[in-house]
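Below: the structure, in structure tokens.
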Amino acid sequence: MTTILETRSLNKEFGAVIAAKDLNVQVAKGEVVGVIGSNGAGKTTFINMVTGYLKPTRGEILFNGKSILGHSPRAITRAGMARSFQVAQLFPDMSVIDNLIVALAAAESPRPSFLSPLRSDARIARAEEILAEFGIENYQNSKVTAVPQGARKLVDIAMALIGNPQMLLLDEPTSGVSMDEKTGLMDTVMNAVRQHGVTVLFVEHDMDVVERYVSRVLAFYSGEIIADGKPAAVLADNRVRDLVTGHRPTHKKGNGAS
Amino acid sequence: MRFDKTEISLALVAIACVLFGFVSPGWLIFLLTIALAKALVVQGVVMQMRSGLVSFGQGLFYCIGGYTVGMGGQFFGIHDAIAALALGMAVAIVVAMILGLLLTRYRDIFFAMLSLAFSMILFGILVKSQGLGSTDGFNVHNWTVFGWAPETGADSQQTVFTMTVLAGLLIAVLIHRYTKAGIGVICEAVRENEVRVEYLGLSPRWLLYGNYVAAASVSALGGGLTALATGHVDPEMAYWTTSGEFIFIALLGGLGHVAAPFIAAIVFSVVRTYSIEFVPNTWQMILGFTLLGVIVFLPKGLWSLVSREKSGERT
Ligand SMILES: Nc1ncnc2c1ncn2[C@@H]1O[C@H](COP(=O)(O)OP(=O)(O)OP(=O)(O)O)[C@@H](O)[C@H]1O
Ligand SMILES: [Mg+2]
């Protein structure tokens, strides 16, 4: 089992707020890790540090065994680590397909062409395939601001996947999506991810979603990781139940997933 | 190479303009030449507006283009107009490559003010340069095209007009392609969401830098052509009111189409000429009301008058 991502004593302070405290995380290639934690627990901060958006106060981050501390988000993206955002980060004045086409061009080269058209037939065809894969082909020509939240989230994730990352960090992929759409959305995402053999770490508030997809859970509380292990064990942990999930009923809904 | 509908239309209009030039009076040719040359400077402003940056100092490159053409003939024996124009663009590119390193770190009002600062520095230097005529500037004459020297004033006016139209056509086609090419579209993406661009593995700064340098070269060409047309350059070209005029025309035309700056520049020149003639001393007020009207009623510029009719078509 090879480690793809490792953080060593990662710390982040915003003034008096400790958003990350001695985070030691190792993620193995191929794992699907769920991150849980109440609001303000430091989940987004963790992703922001790992992807170079925030500089940790102290600590070390290794990606494929090499330090990426202090690297820019674009360098880290090019190195093979992509992310999606809690609030989808798209180009609001562009259509859904144009958003994907920009991502396709970006994946091809860090230096976009000065004269050859961005919307080439090849890119349009590829973008249409991706739209179909994600089940959002109906929104192809809609402006992203005019499509439902769930579709926006999918566009955001699709754009992250276009660069063929080795690892994908998803910040609350199902937030703002209605209960009954969540599973559909996650199924779509996880199918795409499996096809590409990507290692995934995703933040999620819905424990049913977590249990359904992940092989391992990290529970954050106030900048610390208070539990790390198999979903069943972590969700049964007393501290996690006290501080993160609350005492929810433990019976499974009969949807047969695990 | 294949040409699309827009490019063919541009070419037809350009040919019509050149022909029109042979039958129209000198004053009109002059007005159009200046308007089209300024429109090229405005194209540079518009290129940056698309990326979300407003240059309050595009006069810098206008002035560099003009002075290079003037000085080339005066001091360095470069009398060929086309070589001089190309040299002006080259100088602008070099200057932009240096200034761009600093400027592309800034956004919004900071970019606007810093670009203004650089143009005012050039203005200050030129005002202090006795050898270049200080505030009076100097005359630009004795130029040739492919070895041919226009003999009369009318001849040279005619020639500059034709050159300006052809240069305008060439630049319009290039910009039309540029806006649809990777860098053009992704510069708009930078305006819309810089964070996302960064997370696609691209450098917003590099994109803005490339765009800034390209815009500078286009604006310098406009400056060079203006120098040839008026036969004169002075430091006013780098003054902030000149840059303000370019922004004015850019807003007047809008970002909707590559032809918009040309149309807006012609409208601007006509409005100004006639207001000076019929209601002297109030032309600034008239221009003010024109801009007010455009911003209130046509927030996307004059071009929306055209595109409204064929809405649905993508530009
Ligand atoms: N840029 C910032 N400046 C100051 N404080 C910040 C900043 N970003 C996060 N914080 C603080 O750090 C703590 C962790 O925030 P973070 O956004 O990582 O939480 P989270 O676990 O993602 O929460 P949520 O579930 O609400 O998204 C919070 O107390 C937050 O207020
Ligand atoms: Mg968060």
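Letters for chains follow the order of the structure tokens (A, B, ...), residue numbers begin at 1 for each chain, and ligand numbers begin at 1 in the order shown.
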
message = Let me see if you get this right: every residue at most 9 Å from ligand 1, counting only C-alpha atoms and all ligand atoms, written as a count of residues only.
response = 32

ask   = What residues in chain A lie within 10 Å of chain B, counting only C-alpha atoms, written as a ChimeraX atom specification?
value = /A:51-53,72-85,88-94,98-99,101-107,109-120,156,159-163

ask   = What's the 12 Å shell around Trp240 in chain B, counting only C-alpha atoms, without same-chain residues fewer than 4 positions away, as a list in words?
value =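 Contacts, with the query itself left out: Ser55, Phe56, Gly57, Gln58, Gly59, Leu60, Tyr62, Cys63, Ala112, Met113, Leu114, Ser115, Leu116, Ala117, Phe118, Ser119, Met120, Ile121, Leu122, Phe123, Gly124, Pro235, Glu236, Gly244, Glu245, Phe246 and Ile247 of chain B.
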
How would the residues just chosen look if you wrote them out with C-alpha atoms as an mmCIF file, in the first residue's frame?
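Resulting contents of again_19.cif:
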```cif
data_model
loop_
_atom_site.group_PDB
_atom_site.id
_atom_site.type_symbol
_atom_site.label_atom_id
_atom_site.label_comp_id
_atom_site.auth_asym_id
_atom_site.auth_seq_id
_atom_site.Cartn_x
_atom_site.Cartn_y
_atom_site.Cartn_z
ATOM 1 C CA SER B 55 -6.313 50.558 -18.008
ATOM 2 C CA PHE B 56 -6.354 54.213 -17.146
ATOM 3 C CA GLY B 57 -3.017 54.637 -18.861
ATOM 4 C CA GLN B 58 -3.373 53.204 -22.335
ATOM 5 C CA GLY B 59 -2.136 56.591 -23.542
ATOM 6 C CA LEU B 60 1.294 55.295 -22.592
ATOM 7 C CA TYR B 62 -0.455 55.330 -27.809
ATOM 8 C CA CYS B 63 2.318 57.803 -27.077
ATOM 9 C CA ALA B 112 -6.064 51.312 -13.061
ATOM 10 C CA MET B 113 -4.088 53.790 -10.969
ATOM 11 C CA LEU B 114 -0.743 52.101 -11.538
ATOM 12 C CA SER B 115 -1.247 52.036 -15.295
ATOM 13 C CA LEU B 116 -2.163 55.726 -15.060
ATOM 14 C CA ALA B 117 0.987 56.393 -13.067
ATOM 15 C CA PHE B 118 3.216 54.884 -15.753
ATOM 16 C CA SER B 119 1.643 56.951 -18.507
ATOM 17 C CA MET B 120 2.032 60.118 -16.414
ATOM 18 C CA ILE B 121 5.697 59.282 -15.855
ATOM 19 C CA LEU B 122 6.223 59.155 -19.612
ATOM 20 C CA PHE B 123 4.312 62.425 -19.948
ATOM 21 C CA GLY B 124 6.612 63.987 -17.351
ATOM 22 C CA PRO B 235 3.346 64.648 -24.760
ATOM 23 C CA GLU B 236 -0.442 65.108 -24.527
ATOM 24 C CA GLY B 244 -9.782 58.763 -20.343
ATOM 25 C CA GLU B 245 -11.004 59.333 -23.868
ATOM 26 C CA PHE B 246 -10.046 55.760 -24.798
ATOM 27 C CA ILE B 247 -12.026 54.397 -21.868
#
```

message = Quick one: residues within 8 Å of Leu23 in chain A, only C-alpha atoms, excluding same-chain residues fewer than 2 positions away - as a list in words?
response =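 Counting only the stated atoms, we get Thr7, Arg8, Ser9, Leu10, Asn11, Ala20, Lys21, Val25, Glu224 and Ile225 of chain A.
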
Would you put the residues from that selection into a file with N, CA, C and O atoms, as a CSV table (one decimal), in the first residue's frame?
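Ended up saving to out.csv:
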```csv
chain,number,residue,atom,x,y,z
A,7,THR,N,0.3,14.3,5.7
A,7,THR,CA,0.5,15.6,6.4
A,7,THR,C,1.2,15.3,7.7
A,7,THR,O,0.8,14.3,8.4
A,8,ARG,N,2.2,16.1,8.1
A,8,ARG,CA,2.9,15.9,9.3
A,8,ARG,C,2.7,17.1,10.2
A,8,ARG,O,3.1,18.2,9.8
A,9,SER,N,2.1,17.0,11.4
A,9,SER,CA,1.9,18.0,12.3
A,9,SER,C,1.5,19.3,11.7
A,9,SER,O,2.1,20.4,11.9
A,10,LEU,N,0.4,19.3,10.9
A,10,LEU,CA,0.0,20.5,10.2
A,10,LEU,C,-0.8,21.3,11.2
A,10,LEU,O,-1.7,20.9,11.9
A,11,ASN,N,-0.4,22.6,11.2
A,11,ASN,CA,-1.1,23.5,12.1
A,11,ASN,C,-1.5,24.8,11.4
A,11,ASN,O,-0.8,25.2,10.5
A,20,ALA,N,-6.4,24.3,12.6
A,20,ALA,CA,-5.8,22.9,12.4
A,20,ALA,C,-4.8,22.7,13.5
A,20,ALA,O,-4.0,23.6,13.8
A,21,LYS,N,-4.8,21.6,14.2
A,21,LYS,CA,-3.9,21.3,15.3
A,21,LYS,C,-3.3,20.0,15.1
A,21,LYS,O,-4.0,18.9,15.2
A,25,VAL,N,-2.1,13.0,8.8
A,25,VAL,CA,-3.0,12.2,8.0
A,25,VAL,C,-2.2,11.5,7.0
A,25,VAL,O,-1.3,12.0,6.4
A,224,GLU,N,-8.9,19.5,15.3
A,224,GLU,CA,-8.2,18.3,15.6
A,224,GLU,C,-8.9,17.1,15.0
A,224,GLU,O,-10.1,17.1,14.8
A,225,ILE,N,-8.1,16.0,14.8
A,225,ILE,CA,-8.8,14.8,14.3
A,225,ILE,C,-9.0,14.0,15.6
A,225,ILE,O,-8.0,13.6,16.2
```

task = Would you please give, as a PyMOL selection string, all residues of range 58-216 of chain A that DSSP assigns to alpha helix (DSSP H) based on the backbone?
result = chain A and resi 73-79+96-108+121-133+149-162+179-196+207-213

ask   = Quick one, how far is CA of Thr57 in chain A from CA of Tyr106 in chain B?
value = 25.7 Å

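Here CA of Gly131 in chain B and CA of Ser243 in chain B stand 24.6 Å from one another.
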